[in-house]
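One file, coords-v6.cif, is given below (mmCIF, C-alpha atoms).
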```cif
data_input
#
loop_
_atom_site.label_atom_id
_atom_site.label_comp_id
_atom_site.auth_asym_id
_atom_site.auth_seq_id
_atom_site.Cartn_x
_atom_site.Cartn_y
_atom_site.Cartn_z
CA MET A 21 -40.89 -83.31 2.62
CA LYS A 22 -43.29 -80.38 2.56
CA LEU A 23 -42.05 -76.80 2.51
CA LYS A 24 -43.05 -74.94 5.69
CA VAL A 25 -44.49 -71.52 4.81
CA ALA A 26 -45.65 -68.95 7.37
CA VAL A 27 -48.49 -66.86 5.94
CA ILE A 28 -48.53 -63.48 7.70
CA GLY A 29 -51.36 -61.00 7.22
CA PRO A 30 -54.91 -60.02 8.29
CA PRO A 31 -57.05 -63.02 9.35
CA ASP A 32 -59.37 -62.99 6.31
CA LEU A 33 -56.48 -62.80 3.82
CA VAL A 34 -54.57 -65.54 5.63
CA ALA A 35 -57.69 -67.69 5.32
CA LEU A 36 -57.93 -66.95 1.58
CA VAL A 37 -54.31 -68.00 1.09
CA ALA A 38 -54.86 -71.16 3.11
CA ASP A 39 -57.82 -72.08 0.91
CA ALA A 40 -55.87 -71.42 -2.31
CA GLY A 41 -52.94 -73.39 -0.89
CA LYS A 42 -54.95 -76.62 -1.00
CA LYS A 43 -54.00 -76.82 -4.68
CA TYR A 44 -50.30 -76.97 -3.74
CA PRO A 45 -49.68 -80.26 -1.88
CA GLY A 46 -45.97 -79.56 -1.55
CA LEU A 47 -46.61 -76.56 0.70
CA ASN A 48 -47.39 -76.70 4.42
CA LEU A 49 -49.03 -73.31 5.01
CA ILE A 50 -48.91 -72.12 8.61
CA PRO A 51 -51.43 -69.30 9.30
CA VAL A 52 -49.97 -66.38 11.28
CA PRO A 53 -52.68 -63.66 11.42
CA TYR A 54 -52.20 -60.18 12.87
CA ARG A 55 -54.51 -57.31 13.76
CA HIS A 56 -52.10 -54.60 12.59
CA GLU A 57 -48.99 -54.43 10.38
CA ALA A 58 -47.02 -53.25 13.42
CA GLU A 59 -47.09 -56.85 14.71
CA THR A 60 -45.24 -58.13 11.64
CA LEU A 61 -41.67 -58.07 12.94
CA ARG A 62 -42.54 -59.71 16.26
CA LEU A 63 -44.40 -62.54 14.50
CA THR A 64 -41.67 -62.99 11.90
CA LEU A 65 -38.99 -63.29 14.58
CA ARG A 66 -41.14 -65.82 16.44
CA TYR A 67 -41.47 -68.11 13.41
CA GLN A 68 -38.04 -67.48 11.88
CA SER A 69 -36.57 -70.76 13.12
CA LYS A 70 -39.75 -72.78 12.51
CA VAL A 71 -40.39 -72.25 8.78
CA ASP A 72 -38.55 -72.31 5.44
CA ILE A 73 -40.22 -69.30 3.79
CA PHE A 74 -42.43 -66.34 4.71
CA LEU A 75 -45.42 -65.25 2.59
CA PHE A 76 -46.78 -61.79 3.40
CA ALA A 77 -50.20 -60.38 2.48
CA GLY A 78 -48.95 -57.21 0.81
CA PRO A 79 -45.82 -55.08 0.39
CA ILE A 80 -46.00 -53.22 3.74
CA PRO A 81 -45.54 -56.22 6.09
CA TYR A 82 -42.96 -57.63 3.65
CA GLU A 83 -40.92 -54.44 3.83
CA ILE A 84 -41.15 -54.27 7.64
CA ALA A 85 -39.77 -57.82 7.96
CA SER A 86 -37.15 -57.61 5.20
CA ARG A 87 -35.49 -54.61 6.87
CA LYS A 88 -34.45 -56.77 9.83
CA ILE A 89 -34.36 -60.36 8.57
CA LYS A 90 -32.05 -61.30 5.68
CA ASP A 91 -31.35 -65.02 5.99
CA ILE A 92 -34.73 -66.51 5.02
CA PRO A 93 -36.64 -66.21 1.71
CA MET A 94 -39.66 -63.92 1.66
CA VAL A 95 -42.46 -63.44 -0.87
CA TYR A 96 -45.40 -61.05 -0.77
CA ILE A 97 -48.77 -61.02 -2.52
CA PRO A 98 -48.99 -57.95 -4.76
CA TYR A 99 -52.02 -55.71 -5.14
CA THR A 100 -52.96 -55.15 -8.77
CA GLY A 101 -55.54 -53.11 -10.62
CA ALA A 102 -57.61 -56.27 -11.17
CA GLY A 103 -58.55 -56.24 -7.49
CA LEU A 104 -60.25 -52.89 -8.03
CA TYR A 105 -63.06 -54.41 -10.13
CA ARG A 106 -64.88 -55.94 -7.16
CA VAL A 107 -64.73 -52.65 -5.25
CA LEU A 108 -66.03 -50.65 -8.22
CA PHE A 109 -68.90 -53.11 -8.63
CA GLN A 110 -69.78 -52.76 -4.94
CA LEU A 111 -69.52 -48.99 -5.20
CA ILE A 112 -71.99 -49.00 -8.10
CA LYS A 113 -74.43 -51.13 -6.09
CA ASP A 114 -74.21 -48.76 -3.14
CA ARG A 115 -74.77 -45.62 -5.18
CA VAL A 116 -78.08 -44.54 -6.69
CA GLY A 117 -78.34 -44.63 -10.50
CA GLY A 118 -76.63 -46.59 -13.24
CA ALA A 119 -72.92 -46.79 -13.95
CA ALA A 120 -73.10 -44.19 -16.70
CA ALA A 121 -74.51 -41.64 -14.26
CA LEU A 122 -71.71 -42.06 -11.72
CA PHE A 123 -69.15 -39.31 -11.37
CA LEU A 124 -66.59 -40.60 -8.92
CA ARG A 125 -64.72 -38.52 -6.39
CA ILE A 126 -62.40 -41.07 -4.83
CA SER A 127 -58.95 -41.61 -3.33
CA VAL A 128 -56.99 -44.84 -3.81
CA ASP A 129 -53.77 -46.08 -2.19
CA ILE A 130 -50.97 -48.58 -2.98
CA LEU A 131 -51.93 -49.09 -6.66
CA LYS A 132 -50.34 -47.20 -9.53
CA ARG A 133 -52.40 -44.34 -10.95
CA GLN A 134 -52.31 -45.78 -14.47
CA GLU A 135 -53.71 -49.11 -13.22
CA VAL A 136 -56.55 -47.35 -11.41
CA GLN A 137 -57.44 -45.17 -14.40
CA GLU A 138 -57.42 -48.13 -16.80
CA ARG A 139 -59.76 -50.19 -14.62
CA ILE A 140 -62.17 -47.28 -14.17
CA ASN A 141 -62.23 -46.73 -17.93
CA GLU A 142 -62.85 -50.43 -18.59
CA VAL A 143 -65.83 -50.45 -16.22
CA GLY A 144 -67.19 -47.35 -17.96
CA LEU A 145 -67.30 -44.99 -14.98
CA SER A 146 -66.69 -41.26 -15.07
CA VAL A 147 -64.25 -39.65 -12.68
CA GLU A 148 -64.68 -36.13 -11.41
CA ARG A 149 -61.78 -36.30 -8.97
CA LEU A 150 -59.22 -39.08 -8.56
CA PHE A 151 -56.42 -39.00 -5.99
CA VAL A 152 -53.88 -41.84 -5.93
CA ASN A 153 -51.25 -42.41 -3.25
CA GLU A 154 -48.92 -44.90 -4.98
CA TYR A 155 -46.98 -47.24 -2.70
CA ARG A 156 -43.46 -46.14 -1.87
CA VAL A 157 -40.82 -47.81 0.25
CA GLY A 158 -40.97 -46.74 3.88
CA GLN A 159 -44.58 -45.62 3.75
CA LYS A 160 -46.48 -46.14 7.01
CA ALA A 161 -50.14 -47.02 7.47
CA GLU A 162 -50.68 -43.83 9.49
CA GLU A 163 -49.54 -41.74 6.52
CA ILE A 164 -52.01 -43.50 4.24
CA VAL A 165 -54.85 -42.90 6.73
CA GLN A 166 -53.96 -39.19 6.81
CA PHE A 167 -53.92 -39.02 3.00
CA HIS A 168 -57.51 -40.25 2.72
CA TYR A 169 -58.80 -38.45 5.81
CA ASP A 170 -57.48 -35.03 4.78
CA LEU A 171 -59.13 -35.33 1.36
CA TRP A 172 -62.44 -36.39 2.90
CA LYS A 173 -62.41 -33.60 5.51
CA ALA A 174 -61.71 -31.08 2.76
CA GLY A 175 -64.72 -32.31 0.77
CA GLN A 176 -62.50 -33.46 -2.11
CA ILE A 177 -63.71 -37.10 -2.11
CA ASP A 178 -66.88 -39.06 -1.39
CA GLN A 179 -65.20 -42.45 -0.85
CA ALA A 180 -61.76 -43.80 -0.01
CA ILE A 181 -60.46 -47.08 -1.46
CA THR A 182 -57.59 -48.78 0.37
CA CYS A 183 -55.52 -51.96 0.08
CA VAL A 184 -54.42 -51.90 3.72
CA THR A 185 -56.64 -53.58 6.33
CA SER A 186 -55.55 -51.38 9.25
CA VAL A 187 -56.14 -48.27 7.14
CA TYR A 188 -59.63 -49.50 6.25
CA GLU A 189 -60.51 -50.11 9.90
CA ARG A 190 -59.12 -46.77 11.05
CA LEU A 191 -60.96 -44.83 8.32
CA ARG A 192 -64.22 -46.49 9.34
CA GLU A 193 -63.57 -45.41 12.93
CA LEU A 194 -63.10 -41.85 11.66
CA GLY A 195 -66.41 -42.01 9.77
CA VAL A 196 -64.87 -41.97 6.28
CA PRO A 197 -66.91 -43.94 3.68
CA CYS A 198 -64.39 -46.48 2.46
CA TYR A 199 -63.91 -49.72 0.57
CA ARG A 200 -61.15 -52.31 0.84
CA ILE A 201 -59.32 -54.01 -2.03
CA ILE A 202 -58.21 -57.58 -1.41
CA PRO A 203 -55.77 -59.57 -3.57
CA THR A 204 -57.30 -61.48 -6.45
CA GLN A 205 -57.27 -65.27 -6.51
CA SER A 206 -54.81 -65.18 -9.41
CA ALA A 207 -52.43 -62.89 -7.47
CA ILE A 208 -52.52 -65.30 -4.51
CA CYS A 209 -51.85 -68.30 -6.76
CA ASP A 210 -49.01 -66.50 -8.54
CA SER A 211 -47.40 -65.78 -5.17
CA LEU A 212 -47.76 -69.43 -4.12
CA LYS A 213 -45.97 -70.39 -7.33
CA LEU A 214 -43.15 -68.04 -6.38
CA VAL A 215 -43.03 -69.72 -2.97
CA GLN A 216 -42.68 -73.09 -4.72
CA LEU A 217 -39.84 -71.70 -6.79
CA GLU A 218 -38.11 -70.36 -3.69
CA GLY A 219 -38.38 -73.89 -2.27
CA LYS A 220 -36.64 -75.36 -5.31
CA SER A 221 -33.93 -72.74 -4.99
CA LEU A 222 -33.37 -73.72 -1.36
CA LYS A 223 -32.88 -77.36 -2.36
CA VAL A 224 -30.26 -76.70 -5.05
CA GLY A 225 -28.60 -73.96 -2.98
CA GLY A 226 -27.11 -70.80 -4.50
CA THR A 227 -28.90 -71.12 -7.85
CA GLN A 228 -29.79 -67.78 -9.36
CA LEU A 229 -33.41 -67.55 -10.45
CA ALA A 230 -34.58 -65.97 -13.68
CA VAL A 231 -37.91 -64.30 -14.42
CA CYS A 232 -38.81 -63.30 -17.97
CA ILE A 233 -41.89 -61.09 -18.39
CA ILE A 234 -43.21 -60.82 -21.93
CA SER A 235 -45.71 -58.14 -22.92
CA ILE A 236 -47.46 -58.70 -26.25
CA ARG A 237 -49.69 -56.00 -27.66
CA GLU A 238 -51.19 -55.19 -31.04
CA LYS A 239 -49.62 -52.49 -33.14
CA MET A 240 -51.81 -49.47 -33.83
CA GLU A 241 -52.38 -50.39 -37.46
CA SER A 242 -53.82 -53.78 -36.52
CA ASP A 243 -56.45 -52.35 -34.17
CA ALA A 244 -58.97 -52.22 -36.99
CA GLY A 245 -59.03 -56.01 -37.40
CA SER A 246 -62.22 -57.97 -36.90
CA THR A 247 -63.12 -59.51 -33.56
CA GLU A 248 -62.76 -63.00 -35.04
CA GLU A 249 -59.29 -62.18 -36.36
CA LYS A 250 -58.18 -60.82 -32.98
CA GLU A 251 -59.47 -63.94 -31.22
CA ARG A 252 -57.54 -66.16 -33.66
CA ASN A 253 -54.41 -64.11 -33.04
CA GLN A 254 -54.84 -64.42 -29.27
CA GLN A 255 -55.28 -68.18 -29.53
CA GLU A 256 -52.18 -68.44 -31.72
CA ILE A 257 -50.16 -66.34 -29.26
CA ALA A 258 -51.37 -68.41 -26.29
CA GLN A 259 -50.38 -71.65 -28.01
CA MET A 260 -47.03 -70.21 -29.06
CA LEU A 261 -46.24 -69.18 -25.47
CA ALA A 262 -47.37 -72.53 -24.09
CA ASP A 263 -45.11 -74.34 -26.59
CA PHE A 264 -42.22 -72.09 -25.60
CA GLY A 265 -42.77 -72.83 -21.90
CA GLU A 266 -42.90 -76.57 -22.52
CA LYS A 267 -39.85 -76.52 -24.78
CA THR A 268 -37.75 -74.62 -22.24
CA GLN A 269 -39.17 -76.45 -19.18
CA THR A 270 -40.02 -73.17 -17.48
CA LEU A 271 -42.86 -72.35 -15.09
CA MET A 272 -45.32 -70.11 -16.96
CA TYR A 273 -48.31 -68.07 -15.85
CA TRP A 274 -50.39 -65.23 -17.24
CA SER A 275 -49.97 -62.00 -15.27
CA ASP A 276 -52.87 -60.38 -17.15
CA GLN A 277 -54.43 -60.53 -20.62
CA SER A 278 -51.34 -59.19 -22.41
CA THR A 279 -48.48 -60.20 -20.11
CA THR A 280 -46.95 -63.62 -19.54
CA THR A 281 -44.29 -64.57 -17.01
CA PHE A 282 -41.76 -67.40 -17.36
CA ILE A 283 -39.77 -68.52 -14.32
CA SER A 284 -36.59 -70.53 -14.65
CA THR A 285 -32.91 -70.49 -13.69
CA ARG A 286 -30.13 -68.24 -14.90
CA GLY A 287 -28.48 -71.13 -16.76
CA VAL A 288 -31.57 -71.77 -18.89
CA ILE A 289 -32.01 -68.08 -19.72
CA GLU A 290 -28.33 -67.65 -20.58
CA GLU A 291 -28.64 -70.54 -23.02
CA LEU A 292 -31.84 -69.15 -24.57
CA THR A 293 -30.34 -65.67 -25.00
CA GLN A 294 -26.85 -66.93 -25.98
CA ASN A 295 -25.39 -65.22 -22.92
CA PHE A 296 -27.70 -62.19 -23.11
CA THR A 297 -27.02 -61.32 -26.77
CA VAL A 298 -30.25 -62.40 -28.52
CA ILE A 299 -33.94 -62.01 -27.71
CA PRO A 300 -35.70 -65.21 -26.61
CA LEU A 301 -38.94 -66.24 -28.33
CA LEU A 302 -38.54 -63.65 -31.11
CA ASP A 303 -38.19 -66.20 -33.91
CA CYS A 304 -41.43 -67.91 -32.78
CA ILE A 305 -43.62 -64.85 -33.48
CA PRO A 306 -44.88 -64.53 -37.07
CA LEU A 307 -44.41 -61.05 -38.56
CA SER A 308 -47.93 -61.30 -39.98
CA LEU A 309 -49.42 -60.92 -36.48
CA GLN A 310 -48.28 -57.26 -36.32
CA LEU A 311 -47.39 -57.35 -32.64
CA ARG A 312 -45.29 -55.21 -30.31
CA VAL A 313 -43.30 -57.59 -28.14
CA SER A 314 -41.45 -56.23 -25.11
CA GLN A 315 -39.46 -58.49 -22.80
CA GLY A 316 -37.86 -57.92 -19.41
CA ILE A 317 -35.46 -60.47 -17.93
CA GLY A 318 -34.56 -60.35 -14.24
CA ILE A 319 -31.93 -62.44 -12.49
CA GLY A 320 -31.84 -62.73 -8.71
CA TYR A 321 -31.08 -64.95 -5.73
CA THR A 322 -34.74 -64.88 -4.70
CA ALA A 323 -37.95 -64.99 -6.71
CA ASN A 324 -38.93 -61.50 -5.51
CA GLU A 325 -35.57 -60.03 -6.49
CA ALA A 326 -35.69 -61.65 -9.93
CA GLU A 327 -39.27 -60.51 -10.49
CA GLN A 328 -38.54 -56.90 -9.49
CA HIS A 329 -35.54 -56.84 -11.84
CA ALA A 330 -37.72 -58.27 -14.64
CA LYS A 331 -40.39 -55.60 -14.14
CA THR A 332 -37.78 -52.84 -14.26
CA ALA A 333 -36.23 -54.38 -17.38
CA LEU A 334 -39.65 -54.62 -19.03
CA THR A 335 -40.27 -50.92 -18.36
CA LYS A 336 -36.98 -50.09 -20.08
CA ALA A 337 -37.96 -52.28 -23.05
CA GLU A 338 -41.38 -50.63 -23.38
CA LEU A 339 -39.75 -47.18 -23.37
CA GLN A 340 -37.86 -48.02 -26.55
CA ALA A 341 -38.79 -45.69 -29.39
CA GLU A 342 -40.18 -48.55 -31.50
CA GLY A 343 -42.28 -49.76 -28.57
CA SER A 344 -40.61 -53.17 -28.30
CA GLY A 345 -37.33 -54.67 -27.26
CA CYS A 346 -35.67 -56.72 -24.54
CA TYR A 347 -33.56 -55.77 -21.51
CA ALA A 348 -32.01 -57.86 -18.75
CA ILE A 349 -30.98 -56.87 -15.21
CA LEU A 350 -28.52 -58.95 -13.19
CA PRO A 351 -28.29 -59.32 -9.38
CA ASN A 352 -25.51 -56.72 -9.14
CA GLY A 353 -27.71 -54.13 -10.83
CA SER A 354 -26.08 -54.41 -14.26
CA VAL A 355 -28.41 -53.57 -17.13
CA LEU A 356 -27.95 -55.31 -20.48
CA GLY A 357 -29.79 -54.13 -23.54
CA PRO A 358 -31.45 -53.78 -25.81
CA LEU A 359 -30.61 -57.41 -26.51
CA GLY A 360 -30.11 -58.42 -30.11
CA LYS A 361 -29.25 -54.88 -31.24
CA GLU A 362 -25.94 -53.41 -32.32
CA THR A 363 -26.70 -50.64 -29.83
CA GLN A 364 -26.63 -53.03 -26.85
CA LEU A 365 -24.98 -51.60 -23.73
CA ASN A 366 -23.86 -53.07 -20.44
CA TYR A 367 -24.14 -50.63 -17.55
CA SER A 368 -25.18 -50.47 -13.90
CA ALA A 369 -28.42 -48.84 -12.77
CA ARG A 370 -26.76 -47.90 -9.50
CA SER A 371 -23.34 -46.77 -8.26
CA HIS A 372 -21.46 -45.93 -5.05
CA ASP A 373 -18.71 -44.11 -6.96
CA PRO A 374 -18.55 -40.56 -5.52
CA GLU A 375 -17.51 -39.12 -8.88
CA ARG A 376 -20.39 -40.76 -10.76
CA LEU A 377 -22.85 -39.61 -8.09
CA ALA A 378 -21.46 -36.07 -8.32
CA LEU A 379 -21.83 -36.09 -12.12
CA ALA A 380 -25.46 -37.24 -11.82
CA LYS A 381 -26.21 -34.48 -9.31
CA GLN A 382 -24.46 -31.88 -11.48
CA ALA A 383 -26.45 -32.82 -14.58
CA LYS A 384 -29.69 -33.50 -12.65
CA VAL A 385 -30.00 -36.99 -14.14
CA SER A 386 -29.94 -40.47 -12.61
CA VAL A 387 -26.64 -42.18 -11.89
CA GLY A 388 -27.87 -44.95 -14.21
CA THR A 389 -27.92 -42.44 -17.07
CA ILE A 390 -24.35 -41.38 -16.27
CA ASN A 391 -23.26 -45.04 -16.17
CA LYS A 392 -24.98 -45.59 -19.49
CA LEU A 393 -23.13 -42.66 -21.08
CA VAL A 394 -19.79 -43.88 -19.68
CA SER A 395 -20.50 -47.36 -21.07
CA LEU A 396 -21.31 -45.84 -24.46
CA ASN A 397 -17.87 -44.22 -24.49
CA GLU A 398 -15.95 -47.20 -23.15
CA GLN A 399 -17.67 -50.04 -25.03
CA HIS A 400 -18.07 -48.37 -28.41
CA ASP A 401 -15.35 -45.67 -28.32
CA LEU A 402 -17.66 -42.87 -29.45
CA THR A 403 -15.61 -39.68 -29.14
CA THR A 404 -18.38 -37.56 -30.67
CA LEU A 405 -22.08 -38.10 -31.29
CA THR A 406 -25.18 -36.33 -32.56
CA THR A 407 -28.64 -36.11 -31.05
CA ALA A 408 -29.87 -38.73 -33.52
CA GLU A 409 -27.06 -41.12 -32.57
CA LEU A 410 -27.77 -40.72 -28.86
CA ALA A 411 -31.47 -41.37 -29.52
CA LYS A 412 -30.53 -44.54 -31.39
CA TRP A 413 -28.17 -45.84 -28.69
CA PHE A 414 -30.55 -45.06 -25.85
CA GLY A 415 -33.66 -46.18 -27.75
CA VAL A 416 -35.49 -42.92 -27.05
CA SER A 417 -37.12 -40.16 -29.11
CA LEU A 418 -35.10 -37.30 -30.63
CA ARG A 419 -36.83 -34.93 -28.21
CA SER A 420 -35.68 -36.97 -25.19
CA ALA A 421 -32.13 -37.23 -26.55
CA ASN A 422 -32.03 -33.51 -27.21
CA ARG A 423 -33.30 -32.79 -23.69
CA LEU A 424 -30.55 -34.98 -22.20
CA LEU A 425 -27.80 -33.36 -24.28
CA SER A 426 -29.08 -29.92 -23.29
CA ARG A 427 -28.78 -30.84 -19.61
CA LEU A 428 -25.29 -32.22 -20.14
CA THR A 429 -24.23 -29.11 -22.04
CA GLU A 430 -25.65 -26.76 -19.41
CA SER A 431 -23.75 -28.63 -16.70
CA ASN A 432 -20.51 -28.68 -18.75
CA LEU A 433 -20.56 -32.46 -19.16
CA ALA A 434 -20.89 -32.14 -22.94
CA VAL A 435 -19.62 -29.56 -25.41
CA VAL A 436 -20.36 -28.82 -29.07
CA VAL A 437 -17.20 -29.57 -31.06
CA GLY A 438 -18.44 -29.34 -34.64
CA GLU A 439 -21.19 -30.00 -37.16
CA GLU A 440 -22.12 -32.84 -39.48
CA GLN A 441 -23.93 -32.39 -42.79
CA PRO A 442 -26.60 -35.09 -43.38
CA ILE A 443 -26.31 -37.18 -46.54
CA ASN A 444 -29.73 -35.95 -47.58
CA LYS A 445 -30.61 -32.28 -47.61
CA GLY A 446 -31.24 -30.78 -44.23
CA ARG A 447 -29.81 -28.61 -41.50
CA PRO A 448 -26.33 -29.49 -40.22
CA ARG A 449 -26.34 -31.56 -37.03
CA GLN A 450 -24.25 -30.53 -34.06
CA LEU A 451 -21.51 -32.89 -32.88
CA TYR A 452 -21.15 -33.27 -29.12
CA SER A 453 -18.22 -34.52 -27.10
CA LEU A 454 -18.94 -36.01 -23.67
CA ARG A 455 -16.81 -34.81 -20.75
CA LEU A 456 -17.48 -37.46 -18.13
CA SER A 457 -14.04 -37.79 -16.54
CA THR A 458 -12.25 -35.48 -14.16
CA ASP A 459 -9.24 -35.26 -16.50
CA VAL A 460 -11.31 -34.09 -19.47
CA ARG A 461 -13.37 -31.59 -17.49
CA GLY A 462 -10.27 -30.23 -15.82
CA ASN A 463 -8.64 -29.15 -19.11
#
```
What would you get if you wrote out this structure as structure tokens?
Amino acid sequence: MKLKVAVIGPPDLVALVADAGKKYPGLNLIPVPYRHEAETLRLTLRYQSKVDIFLFAGPIPYEIASRKIKDIPMVYIPYTGAGLYRVLFQLIKDRVGGAAALFLRISVDILKRQEVQERINEVGLSVERLFVNEYRVGQKAEEIVQFHYDLWKAGQIDQAITCVTSVYERLRELGVPCYRIIPTQSAICDSLKLVQLEGKSLKVGGTQLAVCIISIREKMESDAGSTEEKERNQQEIAQMLADFGEKTQTLMYWSDQSTTTFISTRGVIEELTQNFTVIPLLDCIPLSLQLRVSQGIGIGYTANEAEQHAKTALTKAELQAEGSGCYAILPNGSVLGPLGKETQLNYSARSHDPERLALAKQAKVSVGTINKLVSLNEQHDLTTLTTAELAKWFGVSLRSANRLLSRLTESNLAVVVGEEQPINKGRPRQLYSLRLSTDVRGN
């Protein structure tokens, strides 16, 4: 029996999804086009009892629907920096002169600034002024229109680039020169794969999904290798990942040139990681390849939830001082990591505890950081620690650890209780005691 999927979005994007969906015989895609994102909720409610899953063309309609409807799986097609290439090519064609002579003054929405800058650099364009309005939860199309329009009226930009159809149409009405980014074919196909996975989850009922995102990059010292050597390495990595996917019976796809995503169930991932204590795939990667491998594992009841957790976990892994590592985030918000290290911690990235929230506000840090410090005390019984030890446990630089301890000291959540003389010659290191409980701080 085919899975009924309502595809909600602008008419041209709905048509693109329908065309791509021909490759997925198990999906019955039902086109539900709208003229404006404001129609999303009405259309979703209309089809709620008629379909198994909703697929939205972008994060804005997805967010509008997910605020009100909780009992049906939803997936959205993400906008990535790759979609910017077509727009930049069109922009070059429309402007006089070659690419090297272009000095862009543009505004871009939805995408992350780093993604935009990387794509511009890869195309070889020069930017005089770049304004990026990154997507944030709760953002309305009218706010995005105002962002671009104000910059154009002030003479700050020559063109606006938007991912939102209604924004594009409104800017054209206002006379703003603008271009529209549409999702790439690969992004559409990746989303259809997530829809398939949601369908499998519906059949087994209650199964937690797992997404593992693996980022593989060359270390700095290997950048000087020949082109042929790099191509051999890439082929070896691709084969290694394909073998891993086949061995573990996981759904695998390439997110971009350096990132691969594996989709499975929690049970498979728990077995691979020995209950979140070792790093999967690590023993398959030869040391001779000189690679930085970062992994993020996300567990969730829906594909979107698991994927978002995996992306957050990957960011934590990439922030490790050595540039590689592995973190996992569970459905309840618990963060595990770095896996495979003696410094592994288990803490929650969020909290409703009034005391923890008050401590975070007092120290001007996130509640996740407070939870991490509490876990460090409770799980490893560290009564005192140095800046170097905190850097090691948190996987950050000495400067970052020192900055955190300074904030804790200033807010009376840490105190200097002594000094430690290094084994080798050097200045004595201060010993800090954390004061993260009411009892301790009250004395």
Centre, x/y/z edge lengths, axis-aligned box for region 285-291 of chain A with 4 Å per side, as JSON:
```
{"center_x": -30.6, "center_y": -69.7, "center_z": -18.4, "size_x": 12.6, "size_y": 12.1, "size_z": 17.3}
```
How close does region 168-213 of chain A get to region 75-83 of chain A? List, as a Markdown table, each residue of region 168-213 of chain A within 12 Å, its nearest atom pair and the distance in Å to one decimal, counting only C-alpha atoms.
```
| residue | atom | partner | partner_atom | distance |
| --- | --- | --- | --- | --- |
| A:Cys183 | CA | A:Gly78 | CA | 8.4 |
| A:Val184 | CA | A:Gly78 | CA | 8.2 |
| A:Thr185 | CA | A:Ala77 | CA | 10.1 |
| A:Ser186 | CA | A:Ile80 | CA | 11.2 |
| A:Val187 | CA | A:Ile80 | CA | 11.8 |
| A:Ile201 | CA | A:Gly78 | CA | 11.2 |
| A:Ile202 | CA | A:Ala77 | CA | 9.3 |
| A:Pro203 | CA | A:Ala77 | CA | 8.3 |
| A:Thr204 | CA | A:Ala77 | CA | 11.5 |
| A:Ala207 | CA | A:Ala77 | CA | 10.5 |
| A:Ile208 | CA | A:Ala77 | CA | 8.9 |
| A:Cys209 | CA | A:Leu75 | CA | 11.8 |
| A:Asp210 | CA | A:Leu75 | CA | 11.8 |
| A:Ser211 | CA | A:Leu75 | CA | 8.0 |
| A:Leu212 | CA | A:Leu75 | CA | 8.2 |
| A:Lys213 | CA | A:Leu75 | CA | 11.2 |
```
Expected answer as number ranges by chain: all residues with atoms within 8 Å of (-37.9, -65.7, 8.6), all atoms listed in the file
A: 64-65, 67-69, 71-74, 89-94
Which of these residues is nearest to Ile130 (chain A), using only C-alpha atoms: A:Thr297, A:Thr182, A:Gln176, A:Ser86?
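Smallest separation from Ile130 (chain A) among the options: A:Thr182.
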Test item: the PyMOL selection byres ((chain A and resi 402) around 12) resolved as a PDB file with C-alpha atoms, in the frame of the given file:
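What ended up in out18.pdb:
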```pdb
ATOM      1  CA  THR A 363     -26.700 -50.640 -29.830  1.00  0.00           C
ATOM      2  CA  LEU A 393     -23.130 -42.660 -21.080  1.00  0.00           C
ATOM      3  CA  VAL A 394     -19.790 -43.880 -19.680  1.00  0.00           C
ATOM      4  CA  SER A 395     -20.500 -47.360 -21.070  1.00  0.00           C
ATOM      5  CA  LEU A 396     -21.310 -45.840 -24.460  1.00  0.00           C
ATOM      6  CA  ASN A 397     -17.870 -44.220 -24.490  1.00  0.00           C
ATOM      7  CA  GLU A 398     -15.950 -47.200 -23.150  1.00  0.00           C
ATOM      8  CA  GLN A 399     -17.670 -50.040 -25.030  1.00  0.00           C
ATOM      9  CA  HIS A 400     -18.070 -48.370 -28.410  1.00  0.00           C
ATOM     10  CA  ASP A 401     -15.350 -45.670 -28.320  1.00  0.00           C
ATOM     11  CA  THR A 403     -15.610 -39.680 -29.140  1.00  0.00           C
ATOM     12  CA  THR A 404     -18.380 -37.560 -30.670  1.00  0.00           C
ATOM     13  CA  LEU A 405     -22.080 -38.100 -31.290  1.00  0.00           C
ATOM     14  CA  THR A 406     -25.180 -36.330 -32.560  1.00  0.00           C
ATOM     15  CA  GLU A 409     -27.060 -41.120 -32.570  1.00  0.00           C
ATOM     16  CA  LEU A 410     -27.770 -40.720 -28.860  1.00  0.00           C
ATOM     17  CA  TRP A 413     -28.170 -45.840 -28.690  1.00  0.00           C
ATOM     18  CA  LEU A 451     -21.510 -32.890 -32.880  1.00  0.00           C
ATOM     19  CA  TYR A 452     -21.150 -33.270 -29.120  1.00  0.00           C
ATOM     20  CA  SER A 453     -18.220 -34.520 -27.100  1.00  0.00           C
ATOM     21  CA  LEU A 454     -18.940 -36.010 -23.670  1.00  0.00           C
ATOM     22  CA  ARG A 455     -16.810 -34.810 -20.750  1.00  0.00           C
TER      23      ARG A 455
END
```
Polymer residues at most 8 Å from region 425-428 of chain A, all atoms listed in the file, same-chain spacing of 6 or more positions, as a list in words:
Ala383, Lys384, Thr407 and Ala434 of chain A
Can you turn the PyMOL selection byres ((chain A and resi 199) around 6) into a concrete residue list for this file, as a ChimeraX atom specification?
/A:181,198,200
Mind writing the picked residues with C-alpha atoms as a PDB file, in the frame of the given file?
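Output saved as out_37.pdb:
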```pdb
ATOM      1  CA  ILE A 181     -60.460 -47.080  -1.460  1.00  0.00           C
ATOM      2  CA  CYS A 198     -64.390 -46.480   2.460  1.00  0.00           C
ATOM      3  CA  ARG A 200     -61.150 -52.310   0.840  1.00  0.00           C
TER       4      ARG A 200
END
```
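Across A:Ala26, A:Asp263, A:Thr285, A:Gln205, the tightest approach to Asp39 (chain A) is made by A:Gln205 when counting all atoms listed in the file.
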